[in-house]
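Structure below is target_22.cif: mmCIF, C-alpha atoms (C1' of nucleotides).
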```cif
data_protein
loop_
_atom_site.label_atom_id
_atom_site.label_comp_id
_atom_site.auth_asym_id
_atom_site.auth_seq_id
_atom_site.Cartn_x
_atom_site.Cartn_y
_atom_site.Cartn_z
CA MET I 1 -5.64 13.08 39.28
CA LYS I 2 -4.80 16.74 38.73
CA ARG I 3 -2.89 15.74 35.66
CA LEU I 4 -5.94 14.13 34.25
CA LEU I 5 -8.03 17.21 34.91
CA THR I 6 -5.61 19.43 33.05
CA LYS I 7 -5.77 16.98 30.19
CA ILE I 8 -9.52 17.27 30.23
CA LEU I 9 -9.35 21.04 30.15
CA SER I 10 -6.77 21.21 27.43
CA ARG I 11 -7.91 18.51 25.06
CA TYR I 12 -11.20 16.94 25.97
CA LEU I 13 -13.39 20.03 25.95
CA GLY I 14 -15.61 20.57 22.97
CA ASP I 15 -14.89 17.14 21.64
CA GLU I 16 -18.34 16.47 20.25
CA LYS I 17 -17.09 15.06 16.96
CA PRO I 18 -17.73 17.53 14.14
CA MET I 19 -18.76 14.67 11.77
CA LYS I 20 -18.66 17.06 8.90
CA ILE I 21 -20.62 16.06 5.83
CA PRO I 22 -18.85 16.84 2.57
CA GLU I 23 -20.65 19.51 0.63
CA LYS I 24 -18.80 19.92 -2.59
CA SER I 25 -18.01 16.31 -3.29
CA CYS I 26 -20.22 16.20 -6.37
CA LYS I 27 -17.41 17.54 -8.50
CA LYS I 28 -15.18 14.68 -7.55
CA TYR I 29 -17.76 12.11 -8.51
CA ARG I 30 -17.63 13.41 -12.02
CA LYS I 31 -14.02 12.41 -12.33
CA SER I 32 -14.80 8.72 -12.45
CA GLY I 33 -17.89 6.95 -13.66
CA LEU I 34 -19.45 6.83 -10.23
CA THR I 35 -23.02 8.03 -10.10
CA ARG I 36 -24.40 9.61 -6.98
CA GLU I 37 -26.91 6.80 -6.57
CA GLN I 38 -24.24 4.15 -6.82
CA ALA I 39 -22.11 6.04 -4.34
CA ALA I 40 -25.01 6.14 -1.90
CA THR I 41 -25.57 2.42 -2.28
CA ILE I 42 -21.94 1.64 -1.69
CA ARG I 43 -21.86 3.97 1.29
CA GLU I 44 -24.74 2.14 2.93
CA LYS I 45 -23.22 -1.24 2.26
CA ILE I 46 -19.95 -0.14 3.75
CA GLN I 47 -21.64 1.07 6.88
CA LEU I 48 -23.67 -2.12 7.17
CA ALA I 49 -20.55 -4.22 6.75
CA LEU I 50 -18.89 -2.44 9.63
CA GLU I 51 -21.79 -1.70 11.94
CA GLU I 52 -23.75 -4.93 11.50
CA ASP I 53 -21.14 -7.44 10.45
CA HIS I 54 -18.36 -5.86 12.53
CA LEU I 55 -15.82 -6.45 9.85
CA TYR I 56 -13.40 -4.14 11.62
CA ARG I 57 -12.79 -6.81 14.25
CA ASN I 58 -10.84 -8.72 11.64
CA ASN I 59 -7.32 -7.56 12.41
CA ALA I 60 -6.16 -8.20 8.86
CA LEU I 61 -8.94 -6.37 7.08
CA GLY I 62 -7.85 -4.59 3.94
CA LEU I 63 -9.58 -2.58 1.29
CA ASP I 64 -9.80 -5.63 -0.95
CA ASP I 65 -11.56 -7.63 1.74
CA LEU I 66 -14.11 -4.91 2.30
CA ALA I 67 -14.67 -4.52 -1.42
CA ASP I 68 -15.12 -8.26 -1.69
CA HIS I 69 -17.58 -8.35 1.14
CA ILE I 70 -19.91 -5.80 -0.34
CA GLN I 71 -19.33 -6.99 -3.89
CA HIS I 72 -18.11 -3.75 -5.36
CA ASN I 73 -15.09 -2.57 -7.19
CA ARG I 74 -12.21 -1.63 -4.89
CA TYR I 75 -11.62 1.66 -6.67
CA LYS I 76 -15.14 2.79 -6.09
CA VAL I 77 -15.15 1.68 -2.48
CA SER I 78 -11.97 3.61 -1.91
CA GLN I 79 -13.37 6.64 -3.63
CA VAL I 80 -16.56 6.61 -1.59
CA ILE I 81 -14.64 6.44 1.66
CA ASN I 82 -12.29 9.18 0.55
CA THR I 83 -14.88 11.60 -0.75
CA TYR I 84 -17.93 10.86 1.31
CA PHE I 85 -16.29 10.45 4.68
CA SER I 86 -13.26 12.60 3.96
CA LYS I 87 -10.97 9.93 5.29
CA ASN I 88 -8.64 7.33 4.01
CA PHE I 89 -9.43 3.67 4.46
CA TYR I 90 -7.48 3.09 7.64
CA SER I 91 -8.66 6.20 9.43
CA PHE I 92 -12.20 5.23 8.60
CA LEU I 93 -11.71 1.66 9.73
CA ASN I 94 -9.98 2.59 12.95
CA GLU I 95 -12.69 4.95 14.07
CA TYR I 96 -15.01 1.98 14.33
CA ARG I 97 -12.39 0.10 16.30
CA ILE I 98 -11.82 2.99 18.67
CA GLN I 99 -15.52 3.46 19.09
CA GLU I 100 -15.91 -0.07 20.33
CA ALA I 101 -12.78 0.22 22.42
CA LYS I 102 -14.25 3.25 24.17
CA ILE I 103 -17.40 1.33 25.01
CA LEU I 104 -15.43 -1.61 26.34
CA LEU I 105 -13.21 0.67 28.40
CA GLU I 106 -16.25 2.21 30.05
CA LYS I 107 -18.35 -0.90 30.37
CA ASP I 108 -15.86 -3.37 31.71
CA PRO I 109 -13.10 -1.92 33.92
CA GLU I 110 -11.68 -5.38 34.43
CA LEU I 111 -10.64 -5.82 30.80
CA SER I 112 -7.00 -4.97 30.23
CA VAL I 113 -6.12 -2.50 27.54
CA LYS I 114 -4.30 -5.24 25.72
CA VAL I 115 -7.31 -7.52 25.59
CA ILE I 116 -9.50 -4.72 24.33
CA MET I 117 -6.95 -3.88 21.72
CA TYR I 118 -7.10 -7.37 20.23
CA GLU I 119 -10.84 -7.53 20.65
CA VAL I 120 -11.51 -4.55 18.42
CA GLY I 121 -9.08 -5.53 15.68
CA PHE I 122 -5.66 -4.07 16.45
CA ASN I 123 -2.52 -6.12 16.46
CA SER I 124 -0.03 -3.91 18.19
CA LYS I 125 0.04 -1.58 21.16
CA ASN I 126 1.54 1.22 19.24
CA SER I 127 -1.08 1.27 16.52
CA PHE I 128 -3.82 1.13 19.09
CA TYR I 129 -2.42 3.90 21.25
CA SER I 130 -1.71 6.27 18.44
CA SER I 131 -5.07 5.68 16.78
CA PHE I 132 -6.88 6.02 20.07
CA LYS I 133 -5.13 9.26 20.84
CA LYS I 134 -5.81 10.57 17.38
CA VAL I 135 -9.53 10.07 17.86
CA THR I 136 -10.09 10.83 21.53
CA GLY I 137 -7.10 12.97 22.38
CA LEU I 138 -6.30 10.68 25.28
CA SER I 139 -4.59 7.40 25.95
CA PRO I 140 -6.88 4.44 26.69
CA ASN I 141 -6.32 4.41 30.43
CA ASP I 142 -6.70 8.15 30.79
CA TYR I 143 -9.91 7.89 28.86
CA ARG I 144 -11.17 5.17 31.15
CA ASN I 145 -10.36 7.23 34.24
CA ILE I 146 -11.89 10.40 32.88
CA VAL I 147 -15.08 8.76 31.78
CA GLY I 148 -15.33 7.19 35.23
CA TYR I 149 -14.72 10.61 36.81
CA GLU I 150 -17.33 12.36 34.70
CA TYR I 151 -19.73 9.61 35.48
CA ASP I 152 -19.19 10.25 39.20
CA VAL I 153 -19.74 13.95 38.70
CA GLN I 154 -23.01 13.37 36.93
CA MET I 155 -24.10 11.10 39.79
CA ALA I 156 -23.39 13.75 42.40
CA MET W 1 -4.66 -14.26 -52.43
CA LYS W 2 -1.80 -12.07 -53.54
CA ARG W 3 -2.69 -9.66 -50.81
CA LEU W 4 -2.30 -12.37 -48.28
CA LEU W 5 1.09 -13.35 -49.60
CA THR W 6 2.36 -9.83 -49.32
CA LYS W 7 1.09 -9.78 -45.78
CA ILE W 8 3.01 -12.92 -45.12
CA LEU W 9 6.17 -11.42 -46.55
CA SER W 10 5.85 -8.14 -44.76
CA ARG W 11 4.67 -9.19 -41.32
CA TYR W 12 4.62 -12.90 -40.82
CA LEU W 13 8.27 -13.67 -41.43
CA GLY W 14 10.49 -14.24 -38.43
CA ASP W 15 7.61 -14.31 -36.05
CA GLU W 16 9.02 -16.90 -33.71
CA LYS W 17 8.09 -15.05 -30.52
CA PRO W 18 11.17 -13.63 -28.83
CA MET W 19 9.89 -14.60 -25.33
CA LYS W 20 12.59 -12.54 -23.75
CA ILE W 21 13.35 -13.27 -20.13
CA PRO W 22 13.94 -10.16 -18.05
CA GLU W 23 17.50 -9.88 -16.85
CA LYS W 24 17.72 -6.80 -14.69
CA SER W 25 14.42 -7.10 -12.88
CA CYS W 26 16.03 -7.55 -9.48
CA LYS W 27 16.25 -3.82 -8.97
CA LYS W 28 12.54 -3.43 -9.30
CA TYR W 29 11.84 -6.13 -6.77
CA ARG W 30 13.72 -4.15 -4.15
CA LYS W 31 11.31 -1.26 -4.45
CA SER W 32 8.45 -3.12 -2.81
CA GLY W 33 8.54 -5.84 -0.20
CA LEU W 34 8.55 -8.63 -2.72
CA THR W 35 11.24 -11.26 -2.31
CA ARG W 36 12.49 -13.24 -5.25
CA GLU W 37 11.17 -16.48 -3.75
CA GLN W 38 7.74 -15.00 -3.30
CA ALA W 39 7.80 -13.68 -6.83
CA ALA W 40 8.65 -17.12 -8.15
CA THR W 41 5.79 -18.66 -6.18
CA ILE W 42 3.34 -16.11 -7.46
CA ARG W 43 4.60 -16.58 -10.98
CA GLU W 44 3.94 -20.29 -10.87
CA LYS W 45 0.51 -19.82 -9.40
CA ILE W 46 -0.37 -17.34 -12.11
CA GLN W 47 0.69 -19.72 -14.82
CA LEU W 48 -1.19 -22.60 -13.24
CA ALA W 49 -4.31 -20.47 -12.94
CA LEU W 50 -4.22 -19.71 -16.64
CA GLU W 51 -2.81 -22.90 -18.13
CA GLU W 52 -4.59 -25.43 -15.93
CA ASP W 53 -7.68 -23.61 -14.75
CA HIS W 54 -8.08 -21.64 -17.98
CA LEU W 55 -9.10 -18.55 -16.11
CA TYR W 56 -8.66 -16.51 -19.26
CA ARG W 57 -11.84 -17.99 -20.66
CA ASN W 58 -13.75 -15.89 -18.16
CA ASN W 59 -14.58 -12.86 -20.24
CA ALA W 60 -14.81 -10.62 -17.18
CA LEU W 61 -11.52 -11.58 -15.63
CA GLY W 62 -9.73 -8.72 -13.93
CA LEU W 63 -6.58 -8.38 -11.94
CA ASP W 64 -8.56 -8.58 -8.72
CA ASP W 65 -10.09 -11.89 -9.73
CA LEU W 66 -6.75 -13.38 -10.57
CA ALA W 67 -5.27 -12.09 -7.32
CA ASP W 68 -8.19 -13.58 -5.46
CA HIS W 69 -7.84 -16.90 -7.20
CA ILE W 70 -4.22 -17.36 -6.22
CA GLN W 71 -4.67 -15.67 -2.86
CA HIS W 72 -2.11 -12.96 -3.24
CA ASN W 73 -2.09 -9.20 -3.03
CA ARG W 74 -3.14 -7.54 -6.27
CA TYR W 75 -0.17 -5.20 -6.30
CA LYS W 76 2.28 -8.05 -6.09
CA VAL W 77 0.50 -10.02 -8.77
CA SER W 78 0.59 -6.98 -10.98
CA GLN W 79 4.26 -6.43 -10.26
CA VAL W 80 5.17 -10.01 -11.07
CA ILE W 81 3.38 -9.86 -14.39
CA ASN W 82 4.91 -6.51 -15.23
CA THR W 83 8.48 -7.32 -14.30
CA TYR W 84 8.71 -11.03 -14.88
CA PHE W 85 6.82 -11.25 -18.13
CA SER W 86 7.48 -7.67 -19.24
CA LYS W 87 3.80 -7.18 -19.96
CA ASN W 88 0.82 -5.53 -18.44
CA PHE W 89 -2.05 -7.60 -17.17
CA TYR W 90 -4.22 -7.47 -20.25
CA SER W 91 -1.46 -8.15 -22.73
CA PHE W 92 -0.44 -11.12 -20.65
CA LEU W 93 -3.99 -12.39 -20.35
CA ASN W 94 -4.80 -11.93 -24.00
CA GLU W 95 -1.82 -13.89 -25.20
CA TYR W 96 -3.36 -16.96 -23.65
CA ARG W 97 -6.63 -16.16 -25.32
CA ILE W 98 -5.03 -15.63 -28.70
CA GLN W 99 -3.02 -18.79 -28.32
CA GLU W 100 -6.19 -20.82 -27.92
CA ALA W 101 -7.90 -18.86 -30.68
CA LYS W 102 -5.11 -19.77 -33.09
CA ILE W 103 -5.52 -23.42 -32.30
CA LEU W 104 -9.27 -23.27 -32.79
CA LEU W 105 -8.87 -21.38 -36.05
CA GLU W 106 -6.59 -24.06 -37.41
CA LYS W 107 -8.34 -27.06 -35.97
CA ASP W 108 -11.94 -26.30 -36.77
CA PRO W 109 -12.58 -24.28 -39.96
CA GLU W 110 -16.30 -24.46 -39.37
CA LEU W 111 -16.20 -22.33 -36.23
CA SER W 112 -16.96 -18.69 -36.91
CA VAL W 113 -14.56 -16.06 -35.75
CA LYS W 114 -17.26 -14.73 -33.47
CA VAL W 115 -17.81 -18.04 -31.72
CA ILE W 116 -14.10 -18.49 -31.20
CA MET W 117 -13.87 -15.00 -29.85
CA TYR W 118 -16.40 -15.72 -27.12
CA GLU W 119 -14.96 -19.13 -26.50
CA VAL W 120 -11.54 -17.83 -25.54
CA GLY W 121 -12.80 -15.01 -23.36
CA PHE W 122 -13.28 -11.90 -25.47
CA ASN W 123 -16.43 -9.84 -25.39
CA SER W 124 -16.06 -7.61 -28.38
CA LYS W 125 -14.87 -7.88 -31.92
CA ASN W 126 -12.68 -4.92 -31.60
CA SER W 127 -10.71 -6.20 -28.65
CA PHE W 128 -10.30 -9.56 -30.29
CA TYR W 129 -9.18 -8.22 -33.62
CA SER W 130 -6.71 -5.75 -32.24
CA SER W 131 -5.28 -8.22 -29.76
CA PHE W 132 -5.03 -10.90 -32.39
CA LYS W 133 -3.29 -8.59 -34.74
CA LYS W 134 -0.94 -7.43 -32.05
CA VAL W 135 0.17 -10.99 -31.38
CA THR W 136 0.10 -12.60 -34.81
CA GLY W 137 0.34 -9.61 -37.10
CA LEU W 138 -2.74 -10.77 -38.96
CA SER W 139 -6.50 -10.66 -38.62
CA PRO W 140 -8.16 -13.93 -37.57
CA ASN W 141 -9.43 -14.83 -41.03
CA ASP W 142 -6.16 -14.02 -42.73
CA TYR W 143 -4.41 -16.16 -40.18
CA ARG W 144 -6.77 -19.03 -40.85
CA ASN W 145 -6.23 -18.74 -44.60
CA ILE W 146 -2.49 -18.45 -44.34
CA VAL W 147 -2.13 -21.36 -41.99
CA GLY W 148 -4.27 -23.40 -44.35
CA TYR W 149 -2.14 -22.25 -47.28
CA GLU W 150 1.12 -23.10 -45.59
CA TYR W 151 -0.30 -26.40 -44.59
CA ASP W 152 -1.09 -27.10 -48.24
CA VAL W 153 2.41 -26.10 -49.26
CA GLN W 154 3.93 -28.45 -46.73
CA MET W 155 1.70 -31.22 -48.05
CA ALA W 156 2.83 -30.67 -51.57
"C1'" DA J 1 -26.08 -8.10 -45.21
"C1'" DA J 2 -22.57 -9.95 -42.64
"C1'" DA J 3 -17.90 -9.95 -41.52
"C1'" DG J 4 -13.80 -7.02 -41.17
"C1'" DG J 5 -12.01 -2.96 -39.47
"C1'" DT J 6 -11.73 1.99 -37.22
"C1'" DA J 7 -12.62 6.14 -33.81
"C1'" DG J 8 -14.23 8.32 -28.73
"C1'" DG J 9 -15.60 7.44 -23.67
"C1'" DG J 10 -15.33 5.14 -19.43
"C1'" DC J 11 -13.45 1.67 -16.51
"C1'" DG J 12 -9.38 -0.67 -14.88
"C1'" DG J 13 -4.33 -0.99 -14.44
"C1'" DT J 14 0.05 1.18 -13.55
"C1'" DG J 15 3.74 3.53 -10.94
"C1'" DA J 16 5.52 6.82 -7.65
"C1'" DG J 17 4.92 8.47 -3.35
"C1'" DA J 18 2.58 9.26 1.20
"C1'" DG J 19 1.02 7.41 5.23
"C1'" DG J 20 -0.25 3.63 8.37
"C1'" DC J 21 0.78 -0.73 10.64
"C1'" DC J 22 3.97 -3.66 12.98
"C1'" DT J 23 8.39 -4.73 15.35
"C1'" DT J 24 11.86 -3.69 18.56
"C1'" DA J 25 13.57 -1.25 22.24
"C1'" DC J 26 13.34 2.06 25.70
"C1'" DT J 27 11.10 5.04 29.49
"C1'" DT J 28 7.61 5.91 33.02
"C1'" DC J 29 4.24 4.80 36.30
"C1'" DT J 30 2.02 1.86 39.83
"C1'" DA Q 1 8.47 -6.45 38.02
"C1'" DG Q 2 4.70 -5.68 35.07
"C1'" DA Q 3 1.62 -2.87 32.62
"C1'" DA Q 4 1.14 1.48 30.06
"C1'" DG Q 5 2.93 4.59 26.94
"C1'" DT Q 6 6.49 6.48 23.44
"C1'" DA Q 7 9.88 6.57 19.60
"C1'" DA Q 8 12.29 5.07 15.44
"C1'" DG Q 9 12.50 2.30 11.30
"C1'" DG Q 10 11.12 -1.10 7.83
"C1'" DC Q 11 7.58 -2.97 5.27
"C1'" DC Q 12 3.21 -2.87 3.21
"C1'" DT Q 13 -1.14 -0.89 1.73
"C1'" DC Q 14 -3.56 2.82 -0.02
"C1'" DT Q 15 -3.94 6.97 -2.80
"C1'" DC Q 16 -3.67 9.95 -6.81
"C1'" DA Q 17 -3.01 11.05 -11.41
"C1'" DC Q 18 -2.01 9.28 -15.66
"C1'" DC Q 19 -2.03 5.90 -19.31
"C1'" DG Q 20 -3.87 2.06 -21.84
"C1'" DC Q 21 -7.26 -1.33 -22.81
"C1'" DC Q 22 -12.03 -2.70 -23.49
"C1'" DC Q 23 -16.47 -1.59 -25.17
"C1'" DT Q 24 -20.21 0.85 -27.98
"C1'" DA Q 25 -21.16 2.63 -32.21
"C1'" DC Q 26 -20.18 3.70 -36.66
"C1'" DC Q 27 -17.77 3.01 -41.38
"C1'" DT Q 28 -15.66 -0.19 -44.97
"C1'" DT Q 29 -15.12 -4.21 -47.52
"C1'" DT Q 30 -16.52 -8.51 -49.56
#
```
Let me see the structure of the file written as structure tokens.
Amino acid sequence: MKRLLTKILSRYLGDEKPMKIPEKSCKKYRKSGLTREQAATIREKIQLALEEDHLYRNNALGLDDLADHIQHNRYKVSQVINTYFSKNFYSFLNEYRIQEAKILLEKDPELSVKVIMYEVGFNSKNSFYSSFKKVTGLSPNDYRNIVGYEYDVQMA
Amino acid sequence: MKRLLTKILSRYLGDEKPMKIPEKSCKKYRKSGLTREQAATIREKIQLALEEDHLYRNNALGLDDLADHIQHNRYKVSQVINTYFSKNFYSFLNEYRIQEAKILLEKDPELSVKVIMYEVGFNSKNSFYSSFKKVTGLSPNDYRNIVGYEYDVQMA
DNA sequence: AAAGGTAGGGCGGTGAGAGGCCTTACTTCT
DNA sequence: AGAAGTAAGGCCTCTCACCGCCCTACCTTT
């Protein structure tokens, strides 16, 4: 348990997700024929596709599939993700997966890590672990334990 | 008419379409994860899509649509066209269009060039003319006249 | 005036390279 | 022993910058 606490101190503090909005992305838009309005539309559709339709649960989802789903050109979809969210496609996609994984880890302690991994759209342990660590700074089980611990603290 | 004859002499002679098969394309295949068997499969599907389904008549056809139609990754489809047929997507596509245009020009002298152009999948004069010239060496009307002329000669 | 033909701008395709995913195999922890 | 986590390597997808084609609009020819 001490080990976990040191992990909290070293990595989990101040982890409130910067979620930085790009400020000088307008210049980039000029490079291709993508208007700001169109970019905003595409952005919303992308978010709907993931948040409402949970496309990320499809473990074979690719950029083409997403572009298909929202009926927009793949180049533009890629560009919007890159410039607006400052991420590449997979990083963007996986954050949704990890987000759901975190919820499942907290909500249902009986679910194995493996089951959760498949549930949220990953196919392999390794991908899941590395993505999870990249986002949260912790491995899935550590995260589960720490969230449980913090929950206890708040109760006390 | 003299002008047409000089055009025949200068550009139309020996126009029997080389149709060169690529010989050293194996090297390129190694670069990506595309096996020769897969490439052959994709190649056949591409040809079926165009020759049987006449996809080229769709005036908005893009690489993505073709890839969708035959259910293969767009990069692989592109690679097969590039390496196997030694052409880029549009050149490849347009040869099918021009091929049908030539037939229509010969078969039905009443059809206007514009109608034929739309019929075979082009949207603009310019694209049609330049593509047609690239393939046949002549403009559509010249081609029609020359073919008619040669036909008359053969009759005589 | 209508058909044939020619020049710029934007979208789409291309190719090389980076980075992520997946597989296999190994180590650690319970 | 089984589940969790890590590491290395191959394959595949995405990305970025560039190039080429298609389209709009304007001349030229008949």
Residues of chain Q that approach segment 8-29 of chain J to 9 Å or less, counting only C-alpha atoms (C1' of nucleotides): could you list each one with the shortest pair of atoms and its distance in Å to one decimal, rows by chain and increasing residue number, as JSON lines?
```
{"residue": "Q:DA3", "atom": "C1'", "partner": "J:DC29", "partner_atom": "C1'", "distance": 8.9}
{"residue": "Q:DA4", "atom": "C1'", "partner": "J:DC29", "partner_atom": "C1'", "distance": 7.7}
{"residue": "Q:DG5", "atom": "C1'", "partner": "J:DT28", "partner_atom": "C1'", "distance": 7.8}
{"residue": "Q:DT6", "atom": "C1'", "partner": "J:DT27", "partner_atom": "C1'", "distance": 7.7}
{"residue": "Q:DA7", "atom": "C1'", "partner": "J:DC26", "partner_atom": "C1'", "distance": 8.3}
{"residue": "Q:DG10", "atom": "C1'", "partner": "J:DT23", "partner_atom": "C1'", "distance": 8.8}
{"residue": "Q:DC11", "atom": "C1'", "partner": "J:DC22", "partner_atom": "C1'", "distance": 8.5}
{"residue": "Q:DC12", "atom": "C1'", "partner": "J:DC21", "partner_atom": "C1'", "distance": 8.1}
{"residue": "Q:DT13", "atom": "C1'", "partner": "J:DG20", "partner_atom": "C1'", "distance": 8.1}
{"residue": "Q:DC14", "atom": "C1'", "partner": "J:DG19", "partner_atom": "C1'", "distance": 8.3}
{"residue": "Q:DT15", "atom": "C1'", "partner": "J:DA18", "partner_atom": "C1'", "distance": 8.0}
{"residue": "Q:DC18", "atom": "C1'", "partner": "J:DT14", "partner_atom": "C1'", "distance": 8.6}
{"residue": "Q:DC19", "atom": "C1'", "partner": "J:DT14", "partner_atom": "C1'", "distance": 7.7}
{"residue": "Q:DG20", "atom": "C1'", "partner": "J:DG13", "partner_atom": "C1'", "distance": 8.0}
{"residue": "Q:DC21", "atom": "C1'", "partner": "J:DG12", "partner_atom": "C1'", "distance": 8.2}
{"residue": "Q:DC22", "atom": "C1'", "partner": "J:DC11", "partner_atom": "C1'", "distance": 8.4}
{"residue": "Q:DC23", "atom": "C1'", "partner": "J:DG10", "partner_atom": "C1'", "distance": 8.9}
```
Selection dump of the PyMOL selection byres ((chain I) within 12 of (chain W)), as a ChimeraX atom specification: /I:62-65,67-68,71-75
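Minimum distance to chain Q across W:Val115, W:Asn82, W:Ala60, W:Tyr96 (counting only C-alpha atoms (C1' of nucleotides)) occurs at W:Ala60.
Going from atom CA of Thr136 of chain I to atom CA of Ile42 of chain I covers 27.6 Å.
The space separating atom CA of Val77 of chain I from atom CA of Ile81 of chain W comes to 24.9 Å.
Residue selection for this entry, given the PyMOL selection byres ((chain I) within 10 of (chain J)), comprises Ser32, Gly33, Asn73, Tyr75, Asn88, Phe89, Tyr90, Ser91, Phe122, Asn123, Ser124, Lys125, Asn126, Ser127, Phe128 and Ser131 of chain I.
Across the model, the gap from atom CA of Leu138 of chain I to atom CA of Leu105 of chain I is 12.6 Å.
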Using all atoms listed in the file, which of W:Asn145, W:Asn94, W:Ser139, W:Gln99 sits nearest chain Q? W:Asn94
Evaluate the PyMOL selection byres ((chain W and resi 106) around 12) on the structure here and hand back the selected residues as a PDB file with C-alpha atoms, in the frame of the given file.
```pdb
ATOM      1  CA  GLN W  99      -3.020 -18.790 -28.320  1.00  0.00           C
ATOM      2  CA  GLU W 100      -6.190 -20.820 -27.920  1.00  0.00           C
ATOM      3  CA  ALA W 101      -7.900 -18.860 -30.680  1.00  0.00           C
ATOM      4  CA  LYS W 102      -5.110 -19.770 -33.090  1.00  0.00           C
ATOM      5  CA  ILE W 103      -5.520 -23.420 -32.300  1.00  0.00           C
ATOM      6  CA  LEU W 104      -9.270 -23.270 -32.790  1.00  0.00           C
ATOM      7  CA  LEU W 105      -8.870 -21.380 -36.050  1.00  0.00           C
ATOM      8  CA  LYS W 107      -8.340 -27.060 -35.970  1.00  0.00           C
ATOM      9  CA  ASP W 108     -11.940 -26.300 -36.770  1.00  0.00           C
ATOM     10  CA  PRO W 109     -12.580 -24.280 -39.960  1.00  0.00           C
ATOM     11  CA  GLU W 110     -16.300 -24.460 -39.370  1.00  0.00           C
ATOM     12  CA  LEU W 111     -16.200 -22.330 -36.230  1.00  0.00           C
ATOM     13  CA  SER W 112     -16.960 -18.690 -36.910  1.00  0.00           C
ATOM     14  CA  VAL W 113     -14.560 -16.060 -35.750  1.00  0.00           C
ATOM     15  CA  ILE W 116     -14.100 -18.490 -31.200  1.00  0.00           C
ATOM     16  CA  PRO W 140      -8.160 -13.930 -37.570  1.00  0.00           C
ATOM     17  CA  ASN W 141      -9.430 -14.830 -41.030  1.00  0.00           C
ATOM     18  CA  ASP W 142      -6.160 -14.020 -42.730  1.00  0.00           C
ATOM     19  CA  TYR W 143      -4.410 -16.160 -40.180  1.00  0.00           C
ATOM     20  CA  ARG W 144      -6.770 -19.030 -40.850  1.00  0.00           C
ATOM     21  CA  ASN W 145      -6.230 -18.740 -44.600  1.00  0.00           C
ATOM     22  CA  ILE W 146      -2.490 -18.450 -44.340  1.00  0.00           C
ATOM     23  CA  VAL W 147      -2.130 -21.360 -41.990  1.00  0.00           C
ATOM     24  CA  GLY W 148      -4.270 -23.400 -44.350  1.00  0.00           C
ATOM     25  CA  TYR W 149      -2.140 -22.250 -47.280  1.00  0.00           C
ATOM     26  CA  GLU W 150       1.120 -23.100 -45.590  1.00  0.00           C
ATOM     27  CA  TYR W 151      -0.300 -26.400 -44.590  1.00  0.00           C
TER      28      TYR W 151
END
```
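Nearest residue to chain Q, choosing from W:Ser78, W:Ser130, W:Asn58, W:Ser86 and counting all atoms listed in the file: W:Ser130.
Minimum atom-to-atom distances from Q:DA8, Q:DT24, Q:DG2, Q:DT29 to chain W were compared using all atoms listed in the file, and the lowest value belongs to Q:DT24.
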Would you compute, for all listed atoms of segment 8-13 of chain J, the axis-aligned bounding box grown by 3 Å on each side, and then report its centre and edge lengths in Å rounded to one decimal, as lines of an AutoDock Vina configuration file?
```
center_x = -10.0
center_y = 3.7
center_z = -21.6
size_x = 17.3
size_y = 15.3
size_z = 20.3
```
